[in-house]
file upload-v8.csv (CSV, C-alpha atoms)
chain,number,residue,atom,x,y,z
A,1,MET,CA,8.9,-15.0,-13.6
A,2,PHE,CA,12.6,-15.8,-13.0
A,3,PRO,CA,15.1,-18.1,-14.7
A,4,ALA,CA,14.9,-21.6,-13.2
A,5,GLN,CA,18.5,-22.6,-14.0
A,6,PRO,CA,21.0,-19.8,-14.4
A,7,GLY,CA,23.2,-20.2,-17.4
A,8,ALA,CA,20.7,-22.1,-19.6
A,9,LEU,CA,19.8,-20.3,-22.9
A,10,ARG,CA,16.1,-19.6,-22.8
A,11,VAL,CA,13.6,-17.3,-24.3
A,12,TRP,CA,10.6,-17.0,-22.0
A,13,SER,CA,9.3,-13.7,-23.3
A,14,ASN,CA,7.6,-12.5,-26.4
A,15,ARG,CA,10.6,-10.7,-27.8
A,16,LEU,CA,14.4,-10.9,-27.6
A,17,ILE,CA,16.3,-7.7,-28.3
A,18,MET,CA,20.1,-7.6,-28.7
A,19,GLU,CA,22.0,-4.6,-27.3
A,20,ARG,CA,25.7,-3.8,-27.1
A,21,LEU,CA,25.5,-2.0,-23.7
A,22,ILE,CA,22.6,-1.8,-21.3
A,23,ILE,CA,22.6,0.7,-18.4
A,24,ILE,CA,20.3,0.0,-15.4
A,25,GLY,CA,19.5,3.2,-13.5
A,26,SER,CA,19.0,6.8,-14.3
A,27,GLY,CA,20.6,8.8,-11.5
A,28,PRO,CA,23.9,10.8,-12.0
A,29,ALA,CA,25.9,7.6,-12.4
A,30,GLY,CA,23.6,6.0,-15.0
A,31,LEU,CA,23.0,9.1,-17.1
A,32,THR,CA,26.7,10.1,-17.1
A,33,ALA,CA,27.5,6.6,-18.2
A,34,ALA,CA,25.0,7.0,-21.0
A,35,VAL,CA,26.5,10.3,-22.1
A,36,TYR,CA,30.0,8.8,-22.4
A,37,ALA,CA,28.8,5.6,-24.0
A,38,ALA,CA,26.6,7.5,-26.5
A,39,ARG,CA,29.5,9.8,-27.4
A,40,ALA,CA,31.6,6.6,-28.1
A,41,ASN,CA,28.9,5.5,-30.6
A,42,LEU,CA,27.8,2.6,-28.5
A,43,ALA,CA,24.1,3.5,-28.7
A,44,PRO,CA,23.5,2.5,-25.1
A,45,LEU,CA,20.1,1.5,-23.9
A,46,LEU,CA,19.3,2.9,-20.4
A,47,PHE,CA,16.4,1.6,-18.3
A,48,ALA,CA,15.4,4.6,-16.2
A,49,GLY,CA,12.7,2.9,-14.2
A,50,TYR,CA,9.1,4.2,-13.9
A,51,GLN,CA,10.4,6.7,-11.3
A,52,TYR,CA,13.5,7.9,-13.1
A,53,GLY,CA,16.2,10.3,-12.0
A,54,GLY,CA,17.5,8.7,-8.8
A,55,GLN,CA,17.6,10.4,-5.4
A,56,LEU,CA,18.2,13.9,-6.9
A,57,MET,CA,14.5,13.8,-8.1
A,58,LEU,CA,13.7,14.0,-4.3
A,59,THR,CA,16.3,16.7,-3.6
A,60,THR,CA,15.7,20.4,-3.2
A,61,GLU,CA,18.4,22.9,-4.1
A,62,VAL,CA,21.8,21.4,-5.1
A,63,GLU,CA,24.6,23.8,-4.2
A,64,ASN,CA,27.7,21.7,-4.5
A,65,TYR,CA,27.5,20.4,-8.1
A,66,PRO,CA,30.2,22.2,-10.2
A,67,GLY,CA,29.0,24.6,-12.8
A,68,PHE,CA,26.0,25.9,-10.9
A,69,PRO,CA,27.3,28.8,-8.7
A,70,ASN,CA,23.7,29.8,-7.7
A,71,GLY,CA,22.6,26.2,-7.2
A,72,ILE,CA,20.1,24.2,-9.1
A,73,MET,CA,17.0,22.1,-8.1
A,74,GLY,CA,17.7,18.4,-8.1
A,75,PRO,CA,14.9,17.5,-10.6
A,76,GLU,CA,16.1,20.2,-13.0
A,77,LEU,CA,19.7,18.9,-12.8
A,78,MET,CA,18.5,15.4,-13.7
A,79,GLU,CA,16.5,16.6,-16.6
A,80,GLN,CA,19.6,18.3,-18.0
A,81,PHE,CA,21.6,15.1,-17.5
A,82,ARG,CA,18.9,13.2,-19.4
A,83,ALA,CA,18.7,15.7,-22.2
A,84,GLN,CA,22.4,15.6,-22.7
A,85,ALA,CA,22.5,11.8,-22.9
A,86,GLU,CA,19.6,11.7,-25.4
A,87,ARG,CA,21.3,14.4,-27.5
A,88,PHE,CA,24.2,12.1,-28.1
A,89,GLY,CA,22.0,9.2,-29.0
A,90,ALA,CA,21.3,7.3,-25.8
A,91,LYS,CA,18.1,5.3,-25.8
A,92,ILE,CA,16.2,5.8,-22.6
A,93,GLU,CA,13.1,3.8,-21.5
A,94,ASN,CA,11.1,4.6,-18.4
A,95,VAL,CA,10.5,1.0,-17.4
A,96,ASP,CA,11.8,-1.1,-14.5
A,97,VAL,CA,14.1,-4.1,-14.9
A,98,THR,CA,12.3,-7.0,-13.3
A,99,ALA,CA,15.0,-9.8,-13.6
A,100,VAL,CA,18.5,-10.4,-14.9
A,101,ASP,CA,20.6,-13.4,-15.7
A,102,PHE,CA,24.3,-12.7,-15.6
A,103,ALA,CA,25.3,-16.4,-15.6
A,104,GLN,CA,25.0,-16.7,-19.4
A,105,ARG,CA,26.5,-14.7,-22.2
A,106,PRO,CA,25.3,-12.5,-23.7
A,107,PHE,CA,23.8,-11.3,-20.4
A,108,ARG,CA,20.1,-11.3,-20.1
A,109,VAL,CA,17.9,-8.4,-18.8
A,110,TRP,CA,14.1,-8.5,-18.6
A,111,THR,CA,11.5,-5.7,-18.4
A,112,ASP,CA,8.1,-7.1,-17.9
A,113,ASP,CA,7.6,-9.4,-20.9
A,114,ILE,CA,10.5,-8.2,-23.0
A,115,GLU,CA,13.9,-10.0,-22.9
A,116,TYR,CA,17.1,-8.2,-23.8
A,117,ALA,CA,20.6,-9.6,-24.4
A,118,ALA,CA,23.6,-7.5,-23.9
A,119,ASP,CA,27.4,-7.8,-24.3
A,120,THR,CA,28.0,-5.7,-21.3
A,121,VAL,CA,25.9,-4.1,-18.5
A,122,ILE,CA,26.4,-1.1,-16.2
A,123,VAL,CA,24.5,-1.4,-12.9
A,124,ALA,CA,23.7,2.1,-11.5
A,125,THR,CA,20.4,1.4,-9.7
A,126,GLY,CA,21.3,3.6,-6.7
A,127,ALA,CA,19.6,3.3,-3.3
A,128,SER,CA,16.1,3.9,-1.9
A,129,ALA,CA,14.9,5.7,1.2
A,130,ARG,CA,14.9,3.7,4.4
A,131,TRP,CA,11.8,3.7,6.6
A,132,LEU,CA,11.5,3.3,10.4
A,133,GLY,CA,9.3,0.2,10.3
A,134,ILE,CA,7.0,1.4,13.1
A,135,PRO,CA,3.3,1.1,13.7
A,136,GLY,CA,1.3,3.6,11.7
A,137,GLU,CA,4.1,4.5,9.3
A,138,GLU,CA,3.1,2.5,6.3
A,139,ARG,CA,-0.7,3.1,6.8
A,140,LEU,CA,-0.2,6.8,6.9
A,141,ARG,CA,2.4,7.0,4.1
A,142,GLY,CA,1.0,9.6,1.7
A,143,GLN,CA,-1.2,11.0,4.4
A,144,GLY,CA,1.4,12.9,6.4
A,145,VAL,CA,4.3,10.4,6.4
A,146,SER,CA,6.8,11.0,3.6
A,147,SER,CA,10.5,10.7,2.6
A,148,CYS,CA,10.3,13.6,0.1
A,149,ALA,CA,10.1,17.2,1.2
A,150,THR,CA,10.0,18.5,-2.3
A,151,CYS,CA,7.1,16.2,-3.1
A,152,ASP,CA,4.9,16.8,-0.1
A,153,GLY,CA,6.2,19.8,1.9
A,154,ALA,CA,3.7,22.2,0.4
A,155,PHE,CA,0.8,20.2,1.8
A,156,PHE,CA,1.7,21.2,5.3
A,157,ARG,CA,1.7,25.0,5.2
A,158,GLU,CA,1.6,26.5,8.7
A,159,LYS,CA,1.7,23.0,10.2
A,160,HIS,CA,4.0,21.4,12.7
A,161,ILE,CA,6.4,19.2,10.7
A,162,VAL,CA,8.8,16.6,12.2
A,163,VAL,CA,11.9,15.4,10.5
A,164,ILE,CA,13.6,12.1,11.5
A,165,GLY,CA,17.4,11.9,11.1
A,166,GLY,CA,20.7,13.7,11.8
A,167,GLY,CA,22.6,13.7,8.6
A,168,ASP,CA,22.9,16.1,5.7
A,169,SER,CA,19.7,14.8,4.1
A,170,ALA,CA,17.7,15.3,7.2
A,171,MET,CA,19.1,18.9,7.6
A,172,GLU,CA,18.3,19.6,4.0
A,173,GLU,CA,14.8,18.4,4.4
A,174,ALA,CA,14.3,20.4,7.6
A,175,LEU,CA,15.6,23.6,6.1
A,176,PHE,CA,13.4,23.2,3.0
A,177,LEU,CA,10.3,22.4,5.1
A,178,THR,CA,10.7,25.7,7.0
A,179,ARG,CA,9.3,27.4,3.9
A,180,PHE,CA,6.0,25.7,4.6
A,181,GLY,CA,5.7,24.7,8.2
A,182,SER,CA,5.0,26.9,11.2
A,183,LYS,CA,7.6,24.8,13.1
A,184,VAL,CA,10.0,22.0,12.2
A,185,THR,CA,11.2,19.6,14.8
A,186,VAL,CA,14.1,17.4,14.2
A,187,ILE,CA,14.3,14.1,16.1
A,188,HIS,CA,17.6,12.4,16.3
A,189,ARG,CA,18.7,9.3,18.2
A,190,ARG,CA,22.0,10.8,19.2
A,191,GLU,CA,23.0,13.9,21.1
A,192,SER,CA,24.8,15.6,18.2
A,193,LEU,CA,24.2,15.8,14.4
A,194,ARG,CA,26.1,13.6,11.9
A,195,ALA,CA,25.6,16.3,9.2
A,196,SER,CA,28.4,18.3,7.7
A,197,LYS,CA,29.3,21.4,9.7
A,198,ILE,CA,27.8,23.9,7.2
A,199,MET,CA,24.4,22.0,7.1
A,200,ALA,CA,24.4,21.5,10.9
A,201,ASP,CA,25.1,25.1,11.6
A,202,ARG,CA,22.3,26.3,9.2
A,203,ALA,CA,19.8,24.0,10.9
A,204,LEU,CA,20.8,24.8,14.4
A,205,ALA,CA,20.7,28.5,13.8
A,206,HIS,CA,17.3,28.5,12.0
A,207,PRO,CA,14.6,30.1,14.2
A,208,LYS,CA,11.9,27.7,13.0
A,209,ILE,CA,13.8,24.5,13.7
A,210,ALA,CA,13.8,22.8,17.1
A,211,PHE,CA,15.6,19.6,18.1
A,212,ILE,CA,14.7,16.6,20.3
A,213,TRP,CA,17.9,14.6,21.1
A,214,ASN,CA,18.5,11.0,22.1
A,215,SER,CA,15.1,9.9,21.0
A,216,THR,CA,13.3,7.6,18.6
A,217,VAL,CA,9.8,7.5,17.2
A,218,GLU,CA,8.0,4.4,18.3
A,219,GLU,CA,4.6,5.0,16.6
A,220,VAL,CA,2.7,7.3,14.3
A,221,LYS,CA,-0.8,8.1,15.4
A,222,GLY,CA,-3.7,9.4,13.4
A,223,GLU,CA,-6.8,8.1,11.6
A,224,TYR,CA,-6.7,9.9,8.2
A,225,GLY,CA,-3.6,11.9,8.8
A,226,VAL,CA,-0.7,12.3,11.2
A,227,LYS,CA,-1.9,13.6,14.6
A,228,SER,CA,1.0,12.7,16.9
A,229,LEU,CA,4.2,10.7,17.3
A,230,VAL,CA,5.0,8.5,20.3
A,231,LEU,CA,8.6,9.1,21.3
A,232,LYS,CA,11.0,7.2,23.4
A,233,ASN,CA,14.0,8.8,25.2
A,234,LEU,CA,16.9,6.4,24.8
A,235,ARG,CA,18.6,7.6,28.0
A,236,SER,CA,15.7,7.6,30.4
A,237,GLY,CA,13.5,5.0,28.6
A,238,GLU,CA,10.5,7.3,29.1
A,239,SER,CA,7.8,7.6,26.5
A,240,SER,CA,6.0,10.8,25.5
A,241,GLU,CA,3.6,12.0,22.8
A,242,LEU,CA,4.4,14.8,20.4
A,243,PRO,CA,1.6,16.5,18.5
A,244,ALA,CA,2.5,16.8,14.8
A,245,ASP,CA,0.9,17.1,11.4
A,246,ALA,CA,3.6,15.4,9.3
A,247,MET,CA,6.6,13.2,9.6
A,248,PHE,CA,9.4,13.2,7.0
A,249,VAL,CA,11.9,10.3,7.4
A,250,ALA,CA,15.5,11.0,6.4
A,251,ILE,CA,17.5,8.2,8.0
A,252,GLY,CA,19.5,6.8,5.0
A,253,HIS,CA,19.0,4.5,2.1
A,254,ASP,CA,19.2,0.8,1.1
A,255,PRO,CA,20.9,-0.2,-2.1
A,256,ASN,CA,18.6,-1.4,-4.9
A,257,THR,CA,20.4,-4.8,-5.5
A,258,GLU,CA,17.7,-7.4,-4.9
A,259,ILE,CA,17.5,-8.6,-8.5
A,260,PHE,CA,21.3,-9.0,-8.6
A,261,ARG,CA,21.7,-11.0,-5.4
A,262,ASP,CA,22.0,-14.4,-7.2
A,263,TYR,CA,24.8,-13.1,-9.5
A,264,LEU,CA,26.9,-10.3,-8.1
A,265,GLU,CA,28.9,-10.3,-4.8
A,266,LEU,CA,27.2,-8.1,-2.2
A,267,ASP,CA,28.4,-7.0,1.2
A,268,ALA,CA,26.5,-7.4,4.4
A,269,GLN,CA,24.4,-4.3,3.8
A,270,GLY,CA,23.5,-5.3,0.2
A,271,TYR,CA,25.9,-3.0,-1.6
A,272,ILE,CA,27.7,-4.4,-4.7
A,273,VAL,CA,31.3,-5.4,-3.9
A,274,SER,CA,34.0,-3.9,-6.2
A,275,THR,CA,37.7,-3.6,-5.7
A,276,ASP,CA,37.9,-0.4,-7.6
A,277,GLY,CA,34.4,1.0,-7.7
A,278,VAL,CA,33.9,0.0,-11.4
A,279,HIS,CA,34.4,-3.8,-11.9
A,280,THR,CA,32.2,-6.4,-10.2
A,281,SER,CA,32.7,-10.1,-9.6
A,282,ILE,CA,31.6,-10.8,-13.2
A,283,PRO,CA,33.7,-9.6,-16.1
A,284,GLY,CA,31.6,-7.4,-18.3
A,285,ILE,CA,29.3,-6.3,-15.5
A,286,PHE,CA,30.2,-2.8,-14.2
A,287,VAL,CA,29.0,-0.8,-11.3
A,288,ALA,CA,28.6,2.9,-10.7
A,289,GLY,CA,27.1,5.2,-8.0
A,290,ASP,CA,25.3,4.7,-4.7
A,291,VAL,CA,24.6,1.0,-5.4
A,292,TYR,CA,28.3,0.5,-4.6
A,293,ASP,CA,29.3,3.8,-2.8
A,294,ILE,CA,28.8,3.5,0.9
A,295,ARG,CA,31.1,6.4,1.9
A,296,TYR,CA,30.6,9.5,-0.3
A,297,LYS,CA,27.0,9.3,-1.7
A,298,GLN,CA,27.3,12.5,-3.7
A,299,ALA,CA,26.0,13.4,-7.2
A,300,ILE,CA,29.5,14.4,-8.3
A,301,THR,CA,31.1,11.1,-7.2
A,302,ALA,CA,28.3,9.1,-8.7
A,303,ALA,CA,28.8,10.9,-12.0
A,304,GLY,CA,32.5,10.3,-11.9
A,305,MET,CA,31.9,6.6,-11.3
A,306,GLY,CA,29.5,6.5,-14.2
A,307,CYS,CA,32.2,8.0,-16.4
A,308,LYS,CA,34.7,5.4,-15.4
A,309,ALA,CA,32.3,2.5,-15.8
A,310,SER,CA,31.3,3.6,-19.3
A,311,MET,CA,34.9,4.0,-20.4
A,312,ASP,CA,35.9,0.6,-19.0
A,313,ALA,CA,32.8,-0.9,-20.6
A,314,GLU,CA,33.9,0.6,-23.9
A,315,ARG,CA,37.4,-1.0,-23.5
A,316,TYR,CA,35.7,-4.3,-22.6
A,317,LEU,CA,33.7,-4.3,-25.8
A,318,GLU,CA,36.7,-3.5,-27.9
A,319,GLU,CA,38.5,-6.5,-26.4
A,320,LEU,CA,35.4,-8.6,-27.0
A,321,ASP,CA,35.3,-7.6,-30.6
A,322,SER,CA,38.9,-8.4,-31.0
A,323,GLU,CA,38.4,-11.9,-29.6
A,324,ARG,CA,35.4,-12.5,-31.8
A,325,SER,CA,37.3,-11.3,-34.9
A,326,ALA,CA,40.3,-13.5,-34.0
A,327,GLY,CA,37.9,-16.5,-33.5
A,328,SER,CA,36.2,-15.9,-36.8
A,329,LEU,CA,39.6,-15.7,-38.6
A,330,SER,CA,40.7,-18.9,-36.9
A,331,ALA,CA,37.5,-20.7,-37.9
A,332,ALA,CA,37.8,-19.5,-41.5
A,333,ALA,CA,41.4,-20.7,-41.6
A,334,ARG,CA,40.3,-24.2,-40.4
A,335,ALA,CA,37.5,-24.3,-43.0

call {"tool": "encode", "arguments": {"input": "upload-v8.csv", "output": "structure tokens"}}
result
Amino acid sequence: MFPAQPGALRVWSNRLIMERLIIIGSGPAGLTAAVYAARANLAPLLFAGYQYGGQLMLTTEVENYPGFPNGIMGPELMEQFRAQAERFGAKIENVDVTAVDFAQRPFRVWTDDIEYAADTVIVATGASARWLGIPGEERLRGQGVSSCATCDGAFFREKHIVVIGGGDSAMEEALFLTRFGSKVTVIHRRESLRASKIMADRALAHPKIAFIWNSTVEEVKGEYGVKSLVLKNLRSGESSELPADAMFVAIGHDPNTEIFRDYLELDAQGYIVSTDGVHTSIPGIFVAGDVYDIRYKQAITAAGMGCKASMDAERYLEELDSERSAGSLSAAARA
């Protein structure tokens, strides 16, 4: 159920709960924002989602986050983020936000049948894995088709595993999957990788990893599991069939912005528009992380954005309190 007329004051839930600051999203951006806001005694409420933790929950070893010279597993890093935020007093709920109304103040946020009002909101909903959209993919998802090597790699020990993509995420998936598969084949639509040099070099040098260039997957075949992939060579136009036991898709992500579409300015790809990576088109609504960041998409940059968004939200609340105080004094004087 969504608001019929944005801006009208309504209560169409069983409860209305007032909060100073609501954070939507629980990746590095959202949880860092929660740490800073909690330390500022703002008692932020963070909606983590039923699948909390952002993309790092689907990531294997993280080697480039400062403070972990030996690396750390993505889910473990996010658990530490969360524990730190809760230590300082952040309230975290593992529920999804189903609707918002940013046209009225205080802003409205809904989770199922509960309505919240907030003076300010930080949007840090991140992005979700992109799929190929080909025949057989959705039907076989969870039966050999996956976007998460850490979740499903162990099911394919001594099997032929295929990874789709040519960026850092695809190389990371492929390298991780060599722990399980007898062979890992990377299929990429170009003739060279988009991954960083260090990741590309690791994958290219690995004896278990093979590459099929200038090709796309047209169909996933199999009755109760993946049996083969239909490939198309983009140069010759020829089709071929590749026997395989699993297909891991790592071709990028789409921003999780659908519920904000009627309120916030979005670019052509659906990312939230911001002139500085913090402020949105609505004063009092801030943005952080991959829901805005098209270029960097790193845990460290997302965390930095979460810090900035939280600090600017704190300043916004201070200014709002000053305005309210001045208004109260003015009203008292008139009385």

call {"tool": "residues_around", "arguments": {"input": "upload-v8.csv", "residues": "A:Thr301", "least_positions_apart": "4", "cutoff": "12 Å", "atoms": "all atoms listed in the file", "output": "PDB file with C-alpha atoms, in the coordinates of the input"}}
result
ATOM      1  CA  GLY A  27      20.600   8.800 -11.500  1.00  0.00           C
ATOM      2  CA  PRO A  28      23.900  10.800 -12.000  1.00  0.00           C
ATOM      3  CA  ALA A  29      25.900   7.600 -12.400  1.00  0.00           C
ATOM      4  CA  GLY A  30      23.600   6.000 -15.000  1.00  0.00           C
ATOM      5  CA  THR A  32      26.700  10.100 -17.100  1.00  0.00           C
ATOM      6  CA  ASN A  64      27.700  21.700  -4.500  1.00  0.00           C
ATOM      7  CA  TYR A  65      27.500  20.400  -8.100  1.00  0.00           C
ATOM      8  CA  PRO A  66      30.200  22.200 -10.200  1.00  0.00           C
ATOM      9  CA  GLY A 277      34.400   1.000  -7.700  1.00  0.00           C
ATOM     10  CA  ALA A 288      28.600   2.900 -10.700  1.00  0.00           C
ATOM     11  CA  GLY A 289      27.100   5.200  -8.000  1.00  0.00           C
ATOM     12  CA  ASP A 290      25.300   4.700  -4.700  1.00  0.00           C
ATOM     13  CA  TYR A 292      28.300   0.500  -4.600  1.00  0.00           C
ATOM     14  CA  ASP A 293      29.300   3.800  -2.800  1.00  0.00           C
ATOM     15  CA  ILE A 294      28.800   3.500   0.900  1.00  0.00           C
ATOM     16  CA  ARG A 295      31.100   6.400   1.900  1.00  0.00           C
ATOM     17  CA  TYR A 296      30.600   9.500  -0.300  1.00  0.00           C
ATOM     18  CA  LYS A 297      27.000   9.300  -1.700  1.00  0.00           C
ATOM     19  CA  MET A 305      31.900   6.600 -11.300  1.00  0.00           C
ATOM     20  CA  GLY A 306      29.500   6.500 -14.200  1.00  0.00           C
ATOM     21  CA  CYS A 307      32.200   8.000 -16.400  1.00  0.00           C
ATOM     22  CA  LYS A 308      34.700   5.400 -15.400  1.00  0.00           C
TER      23      LYS A 308
END

call {"tool": "residues_around", "arguments": {"input": "upload-v8.csv", "residues": "A:Gly142", "least_positions_apart": "6", "cutoff": "12 Å", "atoms": "all atoms listed in the file", "output": "PyMOL selection string"}}
result
chain A and resi 136+148-149+151-153+155+224-226+246-248

call {"tool": "residues_around", "arguments": {"input": "upload-v8.csv", "residues": "A:Gly133", "least_positions_apart": "4", "cutoff": "10 Å", "atoms": "all atoms listed in the file", "output": "count of residues only"}}
result
4

call {"tool": "atom_distance", "arguments": {"input": "upload-v8.csv", "atom1": "atom CA of A:Gly144", "atom2": "atom CA of A:Lys159"}}
result
10.8 Å

call {"tool": "closest_residue", "arguments": {"input": "upload-v8.csv", "among": "A:Arg194, A:His188, A:Ala38, A:Glu314", "to": "A:Lys232", "atoms": "all atoms listed in the file"}}
result
A:His188

call {"tool": "residues_around", "arguments": {"input": "upload-v8.csv", "residues": "A:Ile187", "least_positions_apart": "5", "cutoff": "10 Å", "atoms": "all atoms listed in the file", "output": "short mmCIF file (atom, residue, chain, number, x, y, z; two decimals) with C-alpha atoms, in the frame of the given file"}}
result
data_model
loop_
_atom_site.label_atom_id
_atom_site.label_comp_id
_atom_site.auth_asym_id
_atom_site.auth_seq_id
_atom_site.Cartn_x
_atom_site.Cartn_y
_atom_site.Cartn_z
CA VAL A 162 8.80 16.60 12.20
CA VAL A 163 11.90 15.40 10.50
CA ILE A 164 13.60 12.10 11.50
CA GLY A 165 17.40 11.90 11.10
CA GLY A 166 20.70 13.70 11.80
CA ALA A 170 17.70 15.30 7.20
CA ALA A 210 13.80 22.80 17.10
CA PHE A 211 15.60 19.60 18.10
CA ILE A 212 14.70 16.60 20.30
CA TRP A 213 17.90 14.60 21.10
CA ASN A 214 18.50 11.00 22.10
CA SER A 215 15.10 9.90 21.00
CA THR A 216 13.30 7.60 18.60
CA VAL A 217 9.80 7.50 17.20
CA LEU A 231 8.60 9.10 21.30
CA VAL A 249 11.90 10.30 7.40
#

call {"tool": "residues_around", "arguments": {"input": "upload-v8.csv", "residues": "stretch 174-184 of chain A", "least_positions_apart": "4", "cutoff": "6 Å", "atoms": "all atoms listed in the file", "output": "list in words"}}
result
Gly153, Ala154, Arg157, Glu158, Lys159, His160, Ile161, Val162, Lys208 and Ile209 of chain A

call {"tool": "atom_distance", "arguments": {"input": "upload-v8.csv", "atom1": "atom CA of A:Arg82", "atom2": "atom CA of A:Leu31"}}
result
6.2 Å

call {"tool": "atom_distance", "arguments": {"input": "upload-v8.csv", "atom1": "atom CA of A:Lys91", "atom2": "atom CA of A:Ala117"}}
result
15.2 Å

call {"tool": "decode", "arguments": {"input": "upload-v8.csv", "residues": "stretch 44-58 of chain A", "atoms": "N, CA and C atoms", "output": "compact mmCIF listing (two decimals), in the first residue's frame"}}
result
# COMPACT_ATOMS: atom_id res chain seq x y z
N PRO A 44 20.24 6.68 16.30
CA PRO A 44 19.66 6.40 14.98
C PRO A 44 18.96 5.05 14.92
N LEU A 45 17.94 4.99 14.09
CA LEU A 45 17.27 3.73 13.80
C LEU A 45 17.68 3.31 12.40
N LEU A 46 18.29 2.13 12.29
CA LEU A 46 18.75 1.63 11.00
C LEU A 46 17.93 0.43 10.58
N PHE A 47 17.35 0.52 9.39
CA PHE A 47 16.64 -0.62 8.82
C PHE A 47 17.62 -1.40 7.96
N ALA A 48 17.97 -2.58 8.43
CA ALA A 48 19.02 -3.37 7.79
C ALA A 48 18.51 -4.22 6.64
N GLY A 49 17.20 -4.47 6.61
CA GLY A 49 16.65 -5.38 5.61
C GLY A 49 16.71 -6.81 6.12
N TYR A 50 15.88 -7.65 5.52
CA TYR A 50 15.88 -9.06 5.92
C TYR A 50 17.19 -9.74 5.53
N GLN A 51 17.84 -9.25 4.47
CA GLN A 51 19.16 -9.74 4.09
C GLN A 51 20.14 -8.58 4.30
N TYR A 52 20.61 -8.47 5.54
CA TYR A 52 21.41 -7.30 5.89
C TYR A 52 22.88 -7.49 5.51
N GLY A 53 23.60 -6.36 5.53
CA GLY A 53 25.04 -6.42 5.36
C GLY A 53 25.56 -5.96 4.02
N GLY A 54 24.66 -5.75 3.04
CA GLY A 54 25.11 -5.27 1.75
C GLY A 54 25.91 -6.30 0.96
N GLN A 55 26.60 -5.83 -0.07
CA GLN A 55 27.31 -6.72 -0.97
C GLN A 55 28.46 -7.48 -0.30
N LEU A 56 29.01 -6.93 0.79
CA LEU A 56 30.12 -7.63 1.44
C LEU A 56 29.68 -8.95 2.07
N MET A 57 28.38 -9.11 2.29
CA MET A 57 27.89 -10.40 2.80
C MET A 57 28.02 -11.48 1.72
N LEU A 58 28.20 -11.06 0.47
CA LEU A 58 28.36 -12.00 -0.64
C LEU A 58 29.79 -12.01 -1.16
